[in-house]
Protein chains: 2
Amino acid sequence: MSDHDEILVALRRITRAIDLQSKRLVKATGLTAPQLVVIDTLRKRGDMSPSAIARAVSLSQATITSILDRLVQAGLVERVKSDTDKRVVMAKLTPKGVEASDNSPELLQAGFLRSFRTLQPWEQNMLIASLQRIAELMDAEELDAAPFLEPGELHP
Amino acid sequence: MSDHDEILVALRRITRAIDLQSKRLVKATGLTAPQLVVIDTLRKRGDMSPSAIARAVSLSQATITSILDRLVQAGLVERVKSDTDKRVVMAKLTPKGVEASDNSPELLQAGFLRSFRTLQPWEQNMLIASLQRIAELMDAEELDAAPFLEPGELHP
DNA sequence: GCATTTTGCTATGAGGTCAAAGCTTTGATG
DNA sequence: CATCAAAGCTTTGACCTCATAGCAAAATGC
């Protein structure tokens with residue numbers, strides 16, 4: 001298998017594990033991983049606009065809108081229109097939302113974290129650094145990738 | 001930020017980059033990343049059943065069914081009932097499917113691969129090994145994670 | 001041989017995710 | 001001011017993803 005394929009398969013295994021964990025969280029807490037990420041972010045940083053949340057958690061604004069819809073539905077978040085700029089909506093945790101955040105389990109599988117923490121510190125650091133390195137290489141790509149696929153760009 | 005959060009954020013950045021790349025592929029080829037993965041797998045390994053594809057690419061059987069639906073729709077794949085075991089359906093590339101596979105671009109961003117390949121070989125290997133290590137730690141979790149949430153299992 | 005279980009696939013329903021289009025408000029330009 | 005552009009959010013539509021439930025066929029048990 002090529003490097004390319006090995007990377008792809010490893011990433012797929014990881015994203016699948018995360019997805020399955022998210023489904024598991026739903027049963028345990030009624031909330032999915034993205035929903036928990038959002039309320040945890042609000043808990044830590046206070047009221048935020050959808051666009052600010054999107055930047056903080058690396059999701060699109062549209063995705064945050066749909067996640068907020070469900071959190072509002074569940075009574076964990078309120079939308080409050082800003083007075084200074086009427087375009088802006090602030091997402092605000094309700095008391096119930098605060099409680100949910102305080103009681104939320106960690107988002108990575110307990111077993112994964114347990115195993116991870118038994119590794120040598122240097123190994124833990126190396127794994128985290130590797131993930132961040134890969135994220136960087138991919139993020140960097142975002143900045144100038146789009147033009148490569150514009151019509152006419154392939155054979156200028 | 002805790003290790004836990006750093007891992008989460010890095011993973012989110014990576015999955016987002018992959019997702020955006022998939023959207024970009026749609027515009028260039030009309031096919032999404034999962035669809036390309038499936039036809040590439042069929043191209044390399046020949047006709048396969050949905051369950052075999054699911055195992056090969058780390059997706060659920062249900063997901064493969066829906067991806068095959070769209071590939072059939074697009075005329076790239078045929079479903080052929082097995083003679084020996086009538087439960088089994090074989091996914092088979094059509095000539096058009098073979099052609100699409102042969103012309104398909106790589107699934108990771110070109111710029112990512114370019115950058116990646118400029119790294120020292122030991123560094124490339126380390127990154128791949130790290131990804132696989134993390135995938136292992138998470139996969140391992142899958143095997144016995146479910147029971148942890150079964151009713152009655154928490155306090156046996 | 002027949003009943004039960006297992007295996008393989010598909011259908012259903014719910015979230016997640018994004019781009020693009022649409023709406024409102026703000027800001028800049030003349 | 002009046003106009004036009006930009007910014008912020010939501011809507012729409014498409015696909016991915018899974019669990020669960022359903023259906024059919026094969027394998028196992030008695």
# chains A, B, ... in the order shown; residues from 1 in each chain; ligands from 1
$ select_by_dssp --residues "stretch 42-104 of chain A" --states "alpha helix (DSSP H)" --output "number ranges by chain"
A: 42-45, 50-57, 61-73, 95-103
$ closest_atom_pairs --of "chain A" --to "chain B" --cutoff "6 Å" --atoms "only C-alpha atoms" --output "JSON lines"
{"residue": "A:Ala10", "atom": "CA", "partner": "B:Gln132", "partner_atom": "CA", "distance": 5.5}
{"residue": "A:Arg13", "atom": "CA", "partner": "B:Ala135", "partner_atom": "CA", "distance": 5.7}
{"residue": "A:Ile14", "atom": "CA", "partner": "B:Ala135", "partner_atom": "CA", "distance": 5.0}
{"residue": "A:Ala17", "atom": "CA", "partner": "B:Met138", "partner_atom": "CA", "distance": 6.0}
{"residue": "A:Gly111", "atom": "CA", "partner": "B:Glu141", "partner_atom": "CA", "distance": 5.7}
{"residue": "A:Phe112", "atom": "CA", "partner": "B:Leu137", "partner_atom": "CA", "distance": 5.6}
{"residue": "A:Leu127", "atom": "CA", "partner": "B:Ser130", "partner_atom": "CA", "distance": 5.6}
{"residue": "A:Ser130", "atom": "CA", "partner": "B:Leu127", "partner_atom": "CA", "distance": 5.6}
{"residue": "A:Gln132", "atom": "CA", "partner": "B:Ala10", "partner_atom": "CA", "distance": 5.4}
{"residue": "A:Ala135", "atom": "CA", "partner": "B:Ile14", "partner_atom": "CA", "distance": 5.0}
{"residue": "A:Leu137", "atom": "CA", "partner": "B:Phe112", "partner_atom": "CA", "distance": 5.6}
{"residue": "A:Met138", "atom": "CA", "partner": "B:Phe112", "partner_atom": "CA", "distance": 5.6}
{"residue": "A:Glu141", "atom": "CA", "partner": "B:Gly111", "partner_atom": "CA", "distance": 5.7}
$ write_last_selection --atoms "N, CA, C and O atoms" --output "short mmCIF file (atom, residue, chain, number, x, y, z; two decimals), in the first residue's frame"
data_model
loop_
_atom_site.label_atom_id
_atom_site.label_comp_id
_atom_site.auth_asym_id
_atom_site.auth_seq_id
_atom_site.Cartn_x
_atom_site.Cartn_y
_atom_site.Cartn_z
N ALA A 10 -5.71 5.19 7.74
CA ALA A 10 -5.56 5.54 9.16
C ALA A 10 -6.52 6.65 9.53
O ALA A 10 -7.18 6.61 10.58
N ARG A 13 -10.00 5.32 9.82
CA ARG A 13 -10.22 4.57 11.06
C ARG A 13 -10.44 5.53 12.22
O ARG A 13 -11.29 5.31 13.08
N ILE A 14 -9.66 6.59 12.23
CA ILE A 14 -9.78 7.57 13.32
C ILE A 14 -11.13 8.28 13.26
O ILE A 14 -11.84 8.37 14.26
N ALA A 17 -13.85 6.01 14.39
CA ALA A 17 -13.86 5.82 15.85
C ALA A 17 -14.51 7.02 16.53
O ALA A 17 -15.30 6.86 17.46
N GLY A 111 -11.35 4.71 27.12
CA GLY A 111 -10.29 3.72 26.95
C GLY A 111 -9.12 4.27 26.16
O GLY A 111 -7.96 3.99 26.46
N PHE A 112 -9.43 5.07 25.18
CA PHE A 112 -8.35 5.68 24.41
C PHE A 112 -7.51 6.57 25.31
O PHE A 112 -6.29 6.49 25.33
N LEU A 127 2.90 12.15 19.57
CA LEU A 127 1.66 11.87 18.86
C LEU A 127 0.86 13.16 18.65
O LEU A 127 0.35 13.42 17.56
N SER A 130 2.52 15.24 16.05
CA SER A 130 2.31 14.68 14.71
C SER A 130 0.94 15.07 14.16
O SER A 130 0.81 15.46 13.00
N GLN A 132 -0.81 17.61 14.98
CA GLN A 132 -0.85 19.04 14.69
C GLN A 132 -0.09 19.36 13.41
O GLN A 132 -0.47 20.22 12.63
N ALA A 135 -2.32 18.41 10.61
CA ALA A 135 -3.39 19.41 10.51
C ALA A 135 -2.87 20.67 9.83
O ALA A 135 -3.53 21.24 8.96
N LEU A 137 -0.32 20.95 7.72
CA LEU A 137 -0.07 20.71 6.30
C LEU A 137 -1.38 20.74 5.51
O LEU A 137 -1.42 21.21 4.38
N MET A 138 -2.43 20.24 6.13
CA MET A 138 -3.71 20.22 5.43
C MET A 138 -4.38 21.58 5.44
O MET A 138 -4.97 22.00 4.45
N GLU A 141 -3.01 23.99 3.01
CA GLU A 141 -3.54 23.68 1.70
C GLU A 141 -4.82 24.44 1.39
O GLU A 141 -5.04 24.91 0.29
#
$ calpha_fit_rmsd --fixed "chain B" --moving "chain A"
0.4 Å
$ residues_around --residues "C:DG22" --least-positions-apart "2" --cutoff "10 Å" --atoms "only C-alpha atoms (C1' of nucleotides)" --output "number ranges by chain"
C: 20, 24; D: 10-12
$ write_last_selection --atoms "C-alpha atoms (C1' of nucleotides)" --output "PDB file, in the first residue's frame"
ATOM      1  C1'  DA C  20     -24.570  28.649  -2.454  1.00  0.00           C
ATOM      2  C1'  DT C  24     -31.153  41.955   6.953  1.00  0.00           C
TER       3       DT C  24
ATOM      4  C1'  DT D  10     -30.363  31.290   8.143  1.00  0.00           C
ATOM      5  C1'  DT D  11     -32.313  28.384   4.472  1.00  0.00           C
ATOM      6  C1'  DT D  12     -31.948  24.979   1.043  1.00  0.00           C
TER       7       DT D  12
END
$ atom_distance --atom1 "atom CA of B:Asp85" --atom2 "atom CA of B:Ser101"
28.0 Å
$ interface_residues --of "chain A" --to "chain D" --cutoff "10 Å" --atoms "only C-alpha atoms (C1' of nucleotides)" --output "number ranges by chain"
A: 16, 19-20, 23, 49-51, 61-62, 65-66, 85-89
$ closest_atom_pairs --of "chain C" --to "chain B" --cutoff "8 Å" --atoms "only C-alpha atoms (C1' of nucleotides)" --output "Markdown table"
| residue | atom | partner | partner_atom | distance |
| --- | --- | --- | --- | --- |
| C:DG8 | C1' | B:Arg87 | CA | 5.5 |
| C:DC9 | C1' | B:Arg87 | CA | 7.1 |
| C:DT10 | C1' | B:Thr65 | CA | 7.3 |
| C:DT17 | C1' | B:Asp19 | CA | 8.0 |
| C:DC18 | C1' | B:Lys23 | CA | 7.5 |
$ write_last_selection --atoms "C-alpha atoms (C1' of nucleotides)" --output "mmCIF file, in the first residue's frame"
data_model
loop_
_atom_site.group_PDB
_atom_site.id
_atom_site.type_symbol
_atom_site.label_atom_id
_atom_site.label_comp_id
_atom_site.auth_asym_id
_atom_site.auth_seq_id
_atom_site.Cartn_x
_atom_site.Cartn_y
_atom_site.Cartn_z
ATOM 1 C "C1'" DG C 8 -26.085 -10.231 3.868
ATOM 2 C "C1'" DC C 9 -28.267 -6.528 2.154
ATOM 3 C "C1'" DT C 10 -31.549 -2.563 1.993
ATOM 4 C "C1'" DT C 17 -21.386 18.917 7.109
ATOM 5 C "C1'" DC C 18 -20.764 22.087 3.472
#
$ residues_around --residues "B:Leu36" --least-positions-apart "6" --cutoff "12 Å" --atoms "only C-alpha atoms (C1' of nucleotides)" --output "MDAnalysis selection string"
chainID B and resid 22 25:26 29:30 42:43 57 67:68 70:71 76:77 93 97:108
$ select_by_dssp --residues "chain A" --states "strand (DSSP E)" --output "list in words"
Val77, Glu78, Arg79, Val80, Lys81, Val89, Met90, Ala91, Lys92 and Leu93 of chain A
$ atom_distance --atom1 "atom CA of B:Ile53" --atom2 "atom CA of B:Ala91"
9.0 Å
$ atom_distance --atom1 "atom CA of A:Ile64" --atom2 "atom CA of B:Ile64"
27.4 Å
